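What follows is the content of run.txt (compact mmCIF, C-alpha atoms and all ligand atoms).
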```txt
# COMPACT_ATOMS: atom_id res chain seq x y z
CA MET R 1269 140.26 90.31 138.88
CA THR R 1270 138.39 87.09 139.39
CA ARG R 1271 134.63 87.11 139.33
CA GLY R 1272 133.06 86.30 142.69
CA ILE R 1273 136.05 87.33 144.71
CA PRO R 1274 135.71 90.66 146.45
CA SER R 1275 137.85 93.16 144.68
CA ARG R 1276 138.71 96.75 145.06
CA PRO R 1277 138.85 98.05 141.52
CA GLY R 1278 139.20 101.55 142.84
CA ALA R 1279 142.05 100.71 145.11
CA ARG R 1280 144.77 103.19 144.47
CA ARG R 1281 147.98 103.64 146.28
CA GLY R 1282 150.54 106.27 145.66
CA ARG R 1283 154.01 107.06 146.78
CA ARG R 1284 155.72 110.30 146.20
CA THR R 1285 159.34 111.15 146.37
CA ALA R 1286 159.75 114.29 148.37
CA ALA R 1287 161.93 116.94 146.83
CA LEU R 1288 161.94 119.37 149.72
CA SER R 1289 163.07 119.16 153.29
CA ALA R 1290 160.29 118.12 155.59
CA THR R 1291 159.78 118.11 159.31
CA ALA R 1292 158.95 114.44 158.93
CA LEU R 1293 162.67 113.88 158.55
CA ALA R 1294 163.10 113.94 162.32
CA ALA R 1295 160.40 111.33 162.74
CA LEU R 1296 162.00 109.13 160.11
CA ALA R 1297 165.36 109.49 161.77
CA ALA R 1298 163.77 108.29 165.01
CA LEU R 1299 162.30 105.30 163.21
CA ALA R 1300 165.71 104.48 161.82
CA GLY R 1301 166.80 103.64 165.34
CA ALA R 1302 164.80 100.41 165.10
CA ALA R 1303 166.82 98.80 162.34
CA PRO R 1304 164.81 96.24 160.37
CA ALA R 1305 166.23 92.76 159.94
CA GLN R 1306 166.12 93.31 156.21
CA ALA R 1307 166.77 96.62 154.56
CA PHE R 1308 163.83 96.52 152.24
CA GLU R 1309 160.13 96.96 152.72
CA LEU R 1310 157.29 95.78 150.52
CA GLU R 1311 154.21 97.72 149.46
CA GLY R 1312 152.18 94.52 149.21
CA PRO R 1313 150.72 94.65 145.70
CA HIS R 1314 152.83 93.32 142.84
CA TRP R 1315 152.43 92.27 139.22
CA ALA R 1316 151.40 88.74 138.34
CA THR R 1317 154.52 88.24 136.25
CA PRO R 1318 157.93 89.93 136.38
CA GLN R 1319 158.19 90.68 132.66
CA ARG R 1320 156.98 94.26 132.24
CA THR R 1321 157.11 96.95 129.56
CA ILE R 1322 157.04 100.63 130.44
CA ASP R 1323 155.31 102.83 127.89
CA THR R 1324 157.65 105.77 127.28
CA THR R 1325 155.47 107.64 124.79
CA ASP R 1326 155.35 110.60 127.20
CA VAL R 1327 159.05 110.60 128.04
CA PRO R 1328 161.02 112.98 125.80
CA ALA R 1329 164.10 111.73 124.01
CA GLY R 1330 167.29 112.74 125.77
CA PRO R 1331 168.49 112.42 129.36
CA PHE R 1332 165.08 111.60 130.89
CA HIS R 1333 164.57 108.78 128.40
CA ASP R 1334 168.16 107.57 128.59
CA ALA R 1335 167.93 107.52 132.37
CA LEU R 1336 164.72 105.47 132.32
CA ASP R 1337 166.24 103.02 129.85
CA ALA R 1338 169.22 102.63 132.17
CA ALA R 1339 167.00 102.19 135.23
CA ALA R 1340 164.94 99.50 133.52
CA GLY R 1341 168.08 97.80 132.29
CA GLU R 1342 169.51 97.71 135.78
CA TYR R 1343 166.42 95.96 137.14
CA THR R 1344 166.65 93.49 134.29
CA SER R 1345 170.33 92.74 134.75
CA LEU R 1346 170.41 92.63 138.56
CA THR R 1347 167.02 91.24 139.64
CA HIS R 1348 164.55 88.52 138.73
CA ALA R 1349 162.34 91.18 137.16
CA SER R 1350 162.65 92.00 133.47
CA VAL R 1351 161.73 95.58 132.66
CA SER R 1352 161.87 97.01 129.15
CA THR R 1353 160.96 100.39 127.71
CA ALA R 1354 159.10 101.08 124.47
CA ASP R 1355 156.71 103.43 122.77
CA ALA R 1356 153.93 101.08 123.73
CA THR R 1357 150.75 103.07 124.13
CA GLY R 1358 148.27 100.89 125.93
CA SER R 1359 150.85 99.16 128.09
CA PRO R 1360 149.42 99.03 131.62
CA TRP R 1361 152.55 100.72 132.98
CA ALA R 1362 153.18 104.25 131.71
CA ALA R 1363 155.91 106.75 132.46
CA GLN R 1364 155.54 110.49 132.08
CA VAL R 1365 157.73 113.57 132.41
CA VAL R 1366 155.54 116.52 133.28
CA ASP R 1367 155.60 119.87 135.08
CA GLN R 1368 153.61 119.21 138.23
CA GLY R 1369 154.55 122.61 139.63
CA ASP R 1370 155.81 123.43 143.10
CA ASP R 1371 154.14 120.47 144.79
CA GLY R 1372 157.13 119.31 146.80
CA TYR R 1373 157.69 116.08 144.86
CA GLU R 1374 160.29 115.30 142.24
CA GLY R 1375 158.51 112.10 141.31
CA TYR R 1376 155.58 109.92 142.23
CA SER R 1377 153.92 106.71 141.29
CA THR R 1378 150.42 105.33 141.47
CA TRP R 1379 149.24 101.81 140.89
CA ARG R 1380 146.00 99.89 140.89
CA TYR R 1381 145.59 96.36 142.13
CA ASP R 1382 142.81 93.84 142.52
CA GLY R 1383 141.41 92.07 145.55
CA GLN R 1384 144.26 89.60 145.48
CA ARG R 1385 146.75 92.45 145.55
CA ILE R 1386 147.83 91.86 142.00
CA THR R 1387 148.82 95.10 140.29
CA TYR R 1388 147.15 95.64 136.94
CA SER R 1389 148.11 99.18 136.00
CA ALA R 1390 150.57 101.83 137.07
CA ALA R 1391 151.83 105.28 136.20
CA MET R 1392 154.97 107.04 137.28
CA HIS R 1393 155.96 110.65 136.79
CA LEU R 1394 158.99 112.84 137.14
CA ASN R 1395 158.33 116.51 137.87
CA THR R 1396 160.20 118.96 135.65
CA HIS R 1397 159.63 121.67 138.22
CA TYR R 1398 162.53 120.13 140.15
CA LEU R 1399 164.29 118.02 137.53
CA ASP R 1400 165.54 118.96 134.09
CA ASP R 1401 167.63 117.42 131.36
CA SER R 1402 170.71 119.39 132.38
CA LEU R 1403 171.04 117.12 135.43
CA PRO R 1404 173.34 114.10 135.29
CA THR R 1405 171.63 111.11 133.72
CA ALA R 1406 172.79 109.10 136.74
CA ARG R 1407 170.76 111.33 139.04
CA LEU R 1408 167.61 111.04 136.93
CA LYS R 1409 168.20 107.29 136.77
CA VAL R 1410 168.13 106.94 140.56
CA VAL R 1411 164.81 108.78 140.73
CA TRP R 1412 163.35 106.55 138.00
CA GLU R 1413 164.71 103.52 139.85
CA HIS R 1414 162.95 104.71 142.99
CA GLU R 1415 159.60 105.08 141.22
CA THR R 1416 160.10 101.80 139.35
CA GLY R 1417 160.78 100.14 142.69
CA HIS R 1418 157.41 101.33 143.99
CA VAL R 1419 155.57 100.07 140.91
CA LEU R 1420 157.26 96.67 141.22
CA GLY R 1421 156.36 96.47 144.92
CA LEU R 1422 159.03 98.13 147.05
CA ALA R 1423 158.23 100.62 149.82
CA HIS R 1424 160.44 103.23 151.46
CA VAL R 1425 163.29 102.39 153.79
CA PRO R 1426 164.72 104.76 156.42
CA GLY R 1427 168.36 104.52 155.36
CA ILE R 1428 169.63 107.27 153.04
CA ASP R 1429 172.06 104.81 151.46
CA HIS R 1430 169.26 103.21 149.43
CA VAL R 1431 167.38 103.95 146.23
CA MET R 1432 164.17 103.46 148.23
CA TYR R 1433 165.02 106.21 150.71
CA TYR R 1434 162.04 108.55 150.54
CA ARG R 1435 164.07 111.32 148.93
CA ALA R 1436 165.87 109.61 146.07
CA SER R 1437 167.92 112.67 145.11
CA ASP R 1438 169.24 112.85 148.67
CA ALA R 1439 170.30 109.23 148.35
CA TYR R 1440 172.07 110.14 145.10
CA ASP R 1441 173.78 113.06 146.84
CA ASP R 1442 174.83 110.57 149.52
CA GLY R 1443 176.55 108.43 146.89
CA VAL R 1444 173.82 106.04 145.74
CA THR R 1445 174.21 105.67 141.97
CA GLY R 1446 172.16 102.52 141.37
CA LEU R 1447 170.28 99.63 142.89
CA THR R 1448 171.77 98.33 146.13
CA ASP R 1449 171.83 94.73 147.29
CA ASP R 1450 168.77 95.46 149.40
CA GLU R 1451 166.60 96.63 146.49
CA VAL R 1452 167.75 93.56 144.59
CA ALA R 1453 166.88 91.31 147.52
CA GLY R 1454 163.51 93.01 147.86
CA ILE R 1455 162.59 92.51 144.21
CA ASP R 1456 163.83 88.93 144.28
CA SER R 1457 161.67 88.25 147.33
CA ILE R 1458 158.62 89.16 145.23
CA TYR R 1459 159.35 87.68 141.79
ZN ZN R 1501 158.91 106.99 147.10
```
What do you get writing this file as structure tokens?
Amino acid sequence: MTRGIPSRPGARRGRRTAALSATALAALAALAGAAPAQAFELEGPHWATPQRTIDTTDVPAGPFHDALDAAAGEYTSLTHASVSTADATGSPWAAQVVDQGDDGYEGYSTWRYDGQRITYSAAMHLNTHYLDDSLPTARLKVVWEHETGHVLGLAHVPGIDHVMYYRASDAYDDGVTGLTDDEVAGIDSIY
């Protein structure tokens, strides 16, 4: 934040990844009829620099952690962003695996940004009510990639053949196993 410039320190946006069928699906399907020129959408806020470290202190060793490592590595290898993982308490970007209960969401992210729409902190969670470490690492990876996409600045797209489809596990079931060209293009349009 810069002194003298109006800021919204309390600004908080969140995106959740729905785990359950919703009546909104019909509305989204209707929206899909108006195909966008580009198959990515931007949240607006983004980090000042593309080199980020995700604090994984609250991610247990095993498939959840392996999946997050793989998700971060894919962003690093395929996009202009560079995302690493570490036990880095105090990093402004934290990941957590937690039982959020039957709230309808397998994952969600929140982020805070200043008056210039620069993100300065973020948290993302996967919900063990719907996800567990018996699931394929590839499936968990796609959900982490979805939440990581939000934190980096990507919004939902209507097409199920994308990581940023609002139900990431449905995208995985549809055959999406990693970042598509459109997520890559979206990230590279920001950083
Ligand atoms: Zn989402």
* Please check which protein, DNA or RNA residues sit within 10 Å of ligand ZN 1501 (chain R), counting all atoms listed in the file, and write them as a PyMOL selection string. => chain R and resi 1282-1286+1373-1377+1411+1413-1419+1422-1425+1431-1436
Around all of segment 1345-1350 of chain R's listed atoms, make the axis-aligned box with 8 Å on each side and tell me centre and edge lengths in Å to one decimal, as AutoDock Vina command-line options.
```
--center_x 166.4 --center_y 90.6 --center_z 136.6 --size_x 24.1 --size_y 20.2 --size_z 22.2
```
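For the pair atom CA of Thr1387 of chain R and atom CA of Asp1450 of chain R, the interatomic distance is 21.9 Å.
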* **Residue among R:Tyr1381, R:Tyr1398, R:Trp1361, R:Tyr1440 lying closest to Ile1322 of chain R, counting all atoms listed in the file** =>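 With all atoms listed in the file as the atom set, the closest residue is R:Trp1361.
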* Asked: Out of R:Ser1402, R:Thr1378, R:Asn1395, R:Ser1389, which residue has the shortest atom-to-atom distance to Glu1311 of chain R when counting only C-alpha atoms?
  -> R:Thr1378
* **Polymer residues at most 9 Å from Thr1317 of chain R, all atoms listed in the file, same-chain spacing of 2 or more positions, as a list in words** =>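 With the cut-off at 9 Å, the set is His1314, Trp1315, Gln1319, Arg1320, Ala1349 and Tyr1459 of chain R.
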* To do: Could you tell me which of R:Asp1367, R:Asp1355, R:Asp1326, R:Glu1309 comes closest to Val1452 of chain R if we count all atoms listed in the file?
  =>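 Closest to Val1452 of chain R, using all atoms listed in the file: R:Glu1309.
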* Among listed residues R:Thr1325, R:Leu1394, R:Asp1371, R:Gly1427, nearest Gly1358 of chain R (using only C-alpha atoms) -> R:Thr1325
* Asked: Between atom CA of Thr1405 of chain R and atom CA of Asp1438 of chain R, what is the spacing in Å?
  -> 15.2 Å
* Can you pull out every residue within 10 Å of Gly1341 of chain R, counting all atoms listed in the file, but drop anything in the same chain fewer than 4 positions away, and send it as a ChimeraX atom specification? => /R:1335-1337,1345-1347,1350-1353
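You can rank R:Tyr1388, R:Tyr1343, R:Trp1379, R:Trp1412 by their closest distance to Ala1316 of chain R using only C-alpha atoms, and at the top of that list sits R:Tyr1388.
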* To do: Calculate how many Å separate atom CA of Phe1332 of chain R from atom CA of Gly1421 of chain R, rounding to one decimal.
  =>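 Calculated distance between atom CA of Phe1332 of chain R and atom CA of Gly1421 of chain R is 22.4 Å.
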Could segment 1366-1392 of chain R be completed with N, CA and C atoms and returned as a PDB file, in the coordinates of the input?
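So the final result, stored in result05.pdb, reads:
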```pdb
ATOM      1  N   VAL R1366     156.559 115.478 133.334  1.00  0.00           N
ATOM      2  CA  VAL R1366     155.540 116.520 133.280  1.00  0.00           C
ATOM      3  C   VAL R1366     155.847 117.578 134.345  1.00  0.00           C
ATOM      4  N   ASP R1367     155.455 118.813 134.085  1.00  0.00           N
ATOM      5  CA  ASP R1367     155.600 119.870 135.080  1.00  0.00           C
ATOM      6  C   ASP R1367     154.414 119.832 136.034  1.00  0.00           C
ATOM      7  N   GLN R1368     154.670 119.293 137.219  1.00  0.00           N
ATOM      8  CA  GLN R1368     153.610 119.210 138.230  1.00  0.00           C
ATOM      9  C   GLN R1368     153.592 120.454 139.110  1.00  0.00           C
ATOM     10  N   GLY R1369     154.504 121.395 138.840  1.00  0.00           N
ATOM     11  CA  GLY R1369     154.550 122.610 139.630  1.00  0.00           C
ATOM     12  C   GLY R1369     155.244 122.402 140.966  1.00  0.00           C
ATOM     13  N   ASP R1370     155.101 123.395 141.823  1.00  0.00           N
ATOM     14  CA  ASP R1370     155.810 123.430 143.100  1.00  0.00           C
ATOM     15  C   ASP R1370     155.043 122.608 144.136  1.00  0.00           C
ATOM     16  N   ASP R1371     154.950 121.309 143.900  1.00  0.00           N
ATOM     17  CA  ASP R1371     154.140 120.470 144.790  1.00  0.00           C
ATOM     18  C   ASP R1371     154.977 119.713 145.825  1.00  0.00           C
ATOM     19  N   GLY R1372     156.286 119.941 145.798  1.00  0.00           N
ATOM     20  CA  GLY R1372     157.130 119.310 146.800  1.00  0.00           C
ATOM     21  C   GLY R1372     157.653 117.942 146.419  1.00  0.00           C
ATOM     22  N   TYR R1373     157.292 117.446 145.231  1.00  0.00           N
ATOM     23  CA  TYR R1373     157.690 116.080 144.860  1.00  0.00           C
ATOM     24  C   TYR R1373     158.411 116.074 143.515  1.00  0.00           C
ATOM     25  N   GLU R1374     159.557 115.422 143.499  1.00  0.00           N
ATOM     26  CA  GLU R1374     160.290 115.300 142.240  1.00  0.00           C
ATOM     27  C   GLU R1374     159.785 114.127 141.412  1.00  0.00           C
ATOM     28  N   GLY R1375     159.069 113.225 142.044  1.00  0.00           N
ATOM     29  CA  GLY R1375     158.510 112.100 141.310  1.00  0.00           C
ATOM     30  C   GLY R1375     157.445 111.415 142.139  1.00  0.00           C
ATOM     31  N   TYR R1376     156.546 110.729 141.486  1.00  0.00           N
ATOM     32  CA  TYR R1376     155.580 109.920 142.230  1.00  0.00           C
ATOM     33  C   TYR R1376     155.025 108.832 141.332  1.00  0.00           C
ATOM     34  N   SER R1377     154.481 107.856 141.990  1.00  0.00           N
ATOM     35  CA  SER R1377     153.920 106.710 141.290  1.00  0.00           C
ATOM     36  C   SER R1377     152.554 106.385 141.857  1.00  0.00           C
ATOM     37  N   THR R1378     151.700 105.861 141.010  1.00  0.00           N
ATOM     38  CA  THR R1378     150.420 105.330 141.470  1.00  0.00           C
ATOM     39  C   THR R1378     150.240 103.960 140.817  1.00  0.00           C
ATOM     40  N   TRP R1379     149.505 103.118 141.487  1.00  0.00           N
ATOM     41  CA  TRP R1379     149.240 101.810 140.890  1.00  0.00           C
ATOM     42  C   TRP R1379     147.899 101.299 141.392  1.00  0.00           C
ATOM     43  N   ARG R1380     147.297 100.481 140.563  1.00  0.00           N
ATOM     44  CA  ARG R1380     146.000  99.890 140.890  1.00  0.00           C
ATOM     45  C   ARG R1380     146.176  98.383 140.996  1.00  0.00           C
ATOM     46  N   TYR R1381     145.451  97.803 141.934  1.00  0.00           N
ATOM     47  CA  TYR R1381     145.590  96.360 142.130  1.00  0.00           C
ATOM     48  C   TYR R1381     144.233  95.779 142.497  1.00  0.00           C
ATOM     49  N   ASP R1382     144.106  94.484 142.288  1.00  0.00           N
ATOM     50  CA  ASP R1382     142.810  93.840 142.520  1.00  0.00           C
ATOM     51  C   ASP R1382     142.722  93.299 143.945  1.00  0.00           C
ATOM     52  N   GLY R1383     141.643  92.558 144.201  1.00  0.00           N
ATOM     53  CA  GLY R1383     141.410  92.070 145.550  1.00  0.00           C
ATOM     54  C   GLY R1383     142.423  91.050 146.026  1.00  0.00           C
ATOM     55  N   GLN R1384     143.188  90.529 145.100  1.00  0.00           N
ATOM     56  CA  GLN R1384     144.260  89.600 145.480  1.00  0.00           C
ATOM     57  C   GLN R1384     145.613  90.299 145.508  1.00  0.00           C
ATOM     58  N   ARG R1385     145.557  91.611 145.484  1.00  0.00           N
ATOM     59  CA  ARG R1385     146.750  92.450 145.550  1.00  0.00           C
ATOM     60  C   ARG R1385     147.681  92.228 144.366  1.00  0.00           C
ATOM     61  N   ILE R1386     147.060  91.952 143.234  1.00  0.00           N
ATOM     62  CA  ILE R1386     147.830  91.860 142.000  1.00  0.00           C
ATOM     63  C   ILE R1386     147.680  93.192 141.265  1.00  0.00           C
ATOM     64  N   THR R1387     148.811  93.817 141.000  1.00  0.00           N
ATOM     65  CA  THR R1387     148.820  95.100 140.290  1.00  0.00           C
ATOM     66  C   THR R1387     148.407  94.884 138.835  1.00  0.00           C
ATOM     67  N   TYR R1388     147.535  95.780 138.344  1.00  0.00           N
ATOM     68  CA  TYR R1388     147.150  95.640 136.940  1.00  0.00           C
ATOM     69  C   TYR R1388     147.391  96.915 136.123  1.00  0.00           C
ATOM     70  N   SER R1389     147.701  98.006 136.771  1.00  0.00           N
ATOM     71  CA  SER R1389     148.110  99.180 136.000  1.00  0.00           C
ATOM     72  C   SER R1389     148.910 100.105 136.915  1.00  0.00           C
ATOM     73  N   ALA R1390     149.740 100.916 136.290  1.00  0.00           N
ATOM     74  CA  ALA R1390     150.570 101.830 137.070  1.00  0.00           C
ATOM     75  C   ALA R1390     151.002 102.999 136.209  1.00  0.00           C
ATOM     76  N   ALA R1391     151.295 104.102 136.890  1.00  0.00           N
ATOM     77  CA  ALA R1391     151.830 105.280 136.200  1.00  0.00           C
ATOM     78  C   ALA R1391     152.894 105.897 137.102  1.00  0.00           C
ATOM     79  N   MET R1392     153.961 106.333 136.504  1.00  0.00           N
ATOM     80  CA  MET R1392     154.970 107.040 137.280  1.00  0.00           C
ATOM     81  C   MET R1392     155.382 108.310 136.538  1.00  0.00           C
TER      82      MET R1392
END
```
